[in-house]
>>> print(open('entry_8.cif').read())   # mmCIF, N, CA and C atoms
data_entry
loop_
_atom_site.label_atom_id
_atom_site.label_comp_id
_atom_site.auth_asym_id
_atom_site.auth_seq_id
_atom_site.Cartn_x
_atom_site.Cartn_y
_atom_site.Cartn_z
N MET A 27 140.23 99.00 118.85
CA MET A 27 138.79 98.94 118.64
C MET A 27 138.18 97.89 119.55
N SER A 28 137.09 98.25 120.19
CA SER A 28 136.42 97.26 121.04
C SER A 28 135.13 96.82 120.38
N THR A 29 134.89 95.53 120.43
CA THR A 29 133.67 94.95 119.87
C THR A 29 132.85 94.40 121.03
N THR A 30 131.59 94.76 121.08
CA THR A 30 130.70 94.31 122.14
C THR A 30 129.66 93.36 121.56
N ARG A 31 129.41 92.28 122.28
CA ARG A 31 128.38 91.34 121.85
C ARG A 31 127.06 91.75 122.48
N VAL A 32 126.00 91.77 121.67
CA VAL A 32 124.67 92.16 122.14
C VAL A 32 123.63 91.16 121.67
N LYS A 33 122.56 91.03 122.45
CA LYS A 33 121.44 90.17 122.07
C LYS A 33 120.51 90.99 121.19
N VAL A 34 120.15 90.45 120.03
CA VAL A 34 119.31 91.16 119.07
C VAL A 34 118.03 90.36 118.82
N LYS A 35 116.89 91.02 118.98
CA LYS A 35 115.60 90.39 118.69
C LYS A 35 115.08 91.00 117.40
N ILE A 36 114.77 90.14 116.44
CA ILE A 36 114.27 90.58 115.13
C ILE A 36 112.89 89.98 114.91
N ARG A 37 111.92 90.82 114.52
CA ARG A 37 110.58 90.33 114.20
C ARG A 37 110.21 90.79 112.80
N CYS A 38 109.78 89.83 111.99
CA CYS A 38 109.36 90.13 110.62
C CYS A 38 107.99 90.80 110.66
N ARG A 39 107.87 91.95 110.01
CA ARG A 39 106.59 92.66 109.99
C ARG A 39 105.62 92.04 108.99
N LEU A 40 106.08 91.18 108.10
CA LEU A 40 105.19 90.56 107.12
C LEU A 40 104.52 89.30 107.66
N CYS A 41 105.30 88.38 108.26
CA CYS A 41 104.70 87.12 108.71
C CYS A 41 104.70 86.96 110.23
N GLY A 42 105.43 87.83 110.97
CA GLY A 42 105.44 87.77 112.43
C GLY A 42 106.48 86.84 113.02
N GLU A 43 107.27 86.18 112.19
CA GLU A 43 108.31 85.26 112.69
C GLU A 43 109.32 86.04 113.54
N LYS A 44 109.79 85.42 114.63
CA LYS A 44 110.74 86.06 115.53
C LYS A 44 112.06 85.32 115.53
N PHE A 45 113.14 86.08 115.62
CA PHE A 45 114.49 85.52 115.66
C PHE A 45 115.24 86.20 116.79
N VAL A 46 116.03 85.44 117.54
CA VAL A 46 116.88 85.99 118.59
C VAL A 46 118.31 85.59 118.24
N LEU A 47 119.17 86.60 118.08
CA LEU A 47 120.54 86.37 117.64
C LEU A 47 121.51 87.11 118.54
N ILE A 48 122.77 86.74 118.46
CA ILE A 48 123.84 87.48 119.11
C ILE A 48 124.57 88.24 118.02
N GLY A 49 124.70 89.55 118.19
CA GLY A 49 125.37 90.37 117.20
C GLY A 49 126.58 91.06 117.79
N LYS A 50 127.38 91.62 116.92
CA LYS A 50 128.56 92.37 117.33
C LYS A 50 128.30 93.85 117.10
N LYS A 51 128.48 94.64 118.15
CA LYS A 51 128.29 96.08 118.06
C LYS A 51 129.65 96.74 118.00
N GLU A 52 129.88 97.45 116.91
CA GLU A 52 131.16 98.11 116.71
C GLU A 52 130.92 99.46 116.05
N LYS A 53 131.42 100.52 116.65
CA LYS A 53 131.24 101.88 116.15
C LYS A 53 129.77 102.24 115.96
N GLY A 54 128.92 101.78 116.88
CA GLY A 54 127.51 102.12 116.83
C GLY A 54 126.68 101.32 115.84
N LYS A 55 127.29 100.40 115.13
CA LYS A 55 126.58 99.58 114.15
C LYS A 55 126.56 98.13 114.63
N ILE A 56 125.43 97.44 114.39
CA ILE A 56 125.29 96.06 114.85
C ILE A 56 125.27 95.12 113.65
N GLU A 57 126.08 94.07 113.71
CA GLU A 57 126.14 93.08 112.64
C GLU A 57 125.77 91.71 113.21
N THR A 58 124.74 91.08 112.63
CA THR A 58 124.29 89.77 113.11
C THR A 58 124.49 88.69 112.06
N GLY A 59 124.63 89.09 110.80
CA GLY A 59 124.69 88.12 109.72
C GLY A 59 123.31 87.76 109.19
N PHE A 60 122.26 88.29 109.82
CA PHE A 60 120.88 88.01 109.40
C PHE A 60 120.62 88.69 108.06
N ARG A 61 120.06 87.95 107.11
CA ARG A 61 119.82 88.51 105.77
C ARG A 61 118.36 88.54 105.37
N GLN A 62 117.60 87.46 105.66
CA GLN A 62 116.18 87.47 105.29
C GLN A 62 115.40 86.49 106.14
N CYS A 63 114.10 86.75 106.22
CA CYS A 63 113.16 85.89 106.95
C CYS A 63 112.84 84.65 106.11
N ILE A 64 112.23 83.67 106.73
CA ILE A 64 111.83 82.46 106.01
C ILE A 64 110.75 82.74 104.98
N CYS A 65 110.06 83.89 105.08
CA CYS A 65 109.05 84.27 104.09
C CYS A 65 109.66 85.08 102.94
N SER A 66 110.97 85.15 102.87
CA SER A 66 111.76 85.86 101.85
C SER A 66 111.79 87.38 102.02
N ASN A 67 111.25 87.90 103.11
CA ASN A 67 111.33 89.33 103.40
C ASN A 67 112.78 89.69 103.69
N GLN A 68 113.28 90.75 103.06
CA GLN A 68 114.66 91.18 103.28
C GLN A 68 114.77 92.58 103.87
N GLN A 69 113.63 93.28 104.08
CA GLN A 69 113.74 94.68 104.50
C GLN A 69 112.85 95.11 105.66
N ASP A 70 111.68 94.56 105.83
CA ASP A 70 110.71 95.09 106.77
C ASP A 70 110.74 94.34 108.10
N PHE A 71 111.59 94.80 109.04
CA PHE A 71 111.78 94.14 110.33
C PHE A 71 111.70 95.14 111.48
N GLU A 72 111.32 94.64 112.64
CA GLU A 72 111.48 95.38 113.90
C GLU A 72 112.73 94.81 114.55
N VAL A 73 113.66 95.66 114.92
CA VAL A 73 114.91 95.20 115.52
C VAL A 73 115.05 95.84 116.90
N GLU A 74 115.28 95.00 117.90
CA GLU A 74 115.44 95.45 119.29
C GLU A 74 116.72 94.86 119.84
N THR A 75 117.52 95.67 120.54
CA THR A 75 118.77 95.16 121.10
C THR A 75 118.76 95.26 122.63
N GLU A 76 119.51 94.35 123.24
CA GLU A 76 119.73 94.36 124.68
C GLU A 76 121.23 94.34 124.90
N ASP A 77 121.75 95.35 125.59
CA ASP A 77 123.20 95.39 125.85
C ASP A 77 123.59 94.46 126.96
#
>>> encode(input="entry_8.cif", output="structure tokens")
Amino acid sequence: MSTTRVKVKIRCRLCGEKFVLIGKKEKGKIETGFRQCICSNQQDFEVETED
């Protein structure tokens, strides 16, 4: 199995806060460890990746 590291940009749709993280892409799924925004939002995000 190969794991690829990707840059992930996350923007909260509720408060507009932006986060830039490094995630692991494996089998088409990306895992960053990101769970919630500082405004307690856990679901409503824009997620953009750069390979």
>>> resolve_selection(input="entry_8.cif", expression="the PyMOL selection byres ((chain A and resi 46-55) around 7)", output="PDB file with N, CA and C atoms, keeping the file's coordinate frame")
ATOM      1  N   SER A  28     137.090  98.250 120.190  1.00  0.00           N
ATOM      2  CA  SER A  28     136.420  97.260 121.040  1.00  0.00           C
ATOM      3  C   SER A  28     135.130  96.820 120.380  1.00  0.00           C
ATOM      4  N   THR A  29     134.890  95.530 120.430  1.00  0.00           N
ATOM      5  CA  THR A  29     133.670  94.950 119.870  1.00  0.00           C
ATOM      6  C   THR A  29     132.850  94.400 121.030  1.00  0.00           C
ATOM      7  N   THR A  30     131.590  94.760 121.080  1.00  0.00           N
ATOM      8  CA  THR A  30     130.700  94.310 122.140  1.00  0.00           C
ATOM      9  C   THR A  30     129.660  93.360 121.560  1.00  0.00           C
ATOM     10  N   ARG A  31     129.410  92.280 122.280  1.00  0.00           N
ATOM     11  CA  ARG A  31     128.380  91.340 121.850  1.00  0.00           C
ATOM     12  C   ARG A  31     127.060  91.750 122.480  1.00  0.00           C
ATOM     13  N   VAL A  32     126.000  91.770 121.670  1.00  0.00           N
ATOM     14  CA  VAL A  32     124.670  92.160 122.140  1.00  0.00           C
ATOM     15  C   VAL A  32     123.630  91.160 121.670  1.00  0.00           C
ATOM     16  N   LYS A  33     122.560  91.030 122.450  1.00  0.00           N
ATOM     17  CA  LYS A  33     121.440  90.170 122.070  1.00  0.00           C
ATOM     18  C   LYS A  33     120.510  90.990 121.190  1.00  0.00           C
ATOM     19  N   VAL A  34     120.150  90.450 120.030  1.00  0.00           N
ATOM     20  CA  VAL A  34     119.310  91.160 119.070  1.00  0.00           C
ATOM     21  C   VAL A  34     118.030  90.360 118.820  1.00  0.00           C
ATOM     22  N   LYS A  35     116.890  91.020 118.980  1.00  0.00           N
ATOM     23  CA  LYS A  35     115.600  90.390 118.690  1.00  0.00           C
ATOM     24  C   LYS A  35     115.080  91.000 117.400  1.00  0.00           C
ATOM     25  N   ILE A  36     114.770  90.140 116.440  1.00  0.00           N
ATOM     26  CA  ILE A  36     114.270  90.580 115.130  1.00  0.00           C
ATOM     27  C   ILE A  36     112.890  89.980 114.910  1.00  0.00           C
ATOM     28  N   LYS A  44     109.790  85.420 114.630  1.00  0.00           N
ATOM     29  CA  LYS A  44     110.740  86.060 115.530  1.00  0.00           C
ATOM     30  C   LYS A  44     112.060  85.320 115.530  1.00  0.00           C
ATOM     31  N   PHE A  45     113.140  86.080 115.620  1.00  0.00           N
ATOM     32  CA  PHE A  45     114.490  85.520 115.660  1.00  0.00           C
ATOM     33  C   PHE A  45     115.240  86.200 116.790  1.00  0.00           C
ATOM     34  N   ILE A  56     125.430  97.440 114.390  1.00  0.00           N
ATOM     35  CA  ILE A  56     125.290  96.060 114.850  1.00  0.00           C
ATOM     36  C   ILE A  56     125.270  95.120 113.650  1.00  0.00           C
ATOM     37  N   GLU A  57     126.080  94.070 113.710  1.00  0.00           N
ATOM     38  CA  GLU A  57     126.140  93.080 112.640  1.00  0.00           C
ATOM     39  C   GLU A  57     125.770  91.710 113.210  1.00  0.00           C
ATOM     40  N   THR A  58     124.740  91.080 112.630  1.00  0.00           N
ATOM     41  CA  THR A  58     124.290  89.770 113.110  1.00  0.00           C
ATOM     42  C   THR A  58     124.490  88.690 112.060  1.00  0.00           C
ATOM     43  N   GLY A  59     124.630  89.090 110.800  1.00  0.00           N
ATOM     44  CA  GLY A  59     124.690  88.120 109.720  1.00  0.00           C
ATOM     45  C   GLY A  59     123.310  87.760 109.190  1.00  0.00           C
TER      46      GLY A  59
END
>>> atom_distance(input="entry_8.cif", atom1="atom N of Glu43 in chain A", atom2="atom C of Asp77 in chain A")
23.5 Å
>>> resolve_selection(input="entry_8.cif", expression="the PyMOL selection byres (((chain A and resi 65-70 and name CA) around 10) and name CA)", output="VMD selection string")
chain A and resid 37 to 43 60 to 64 71 to 73
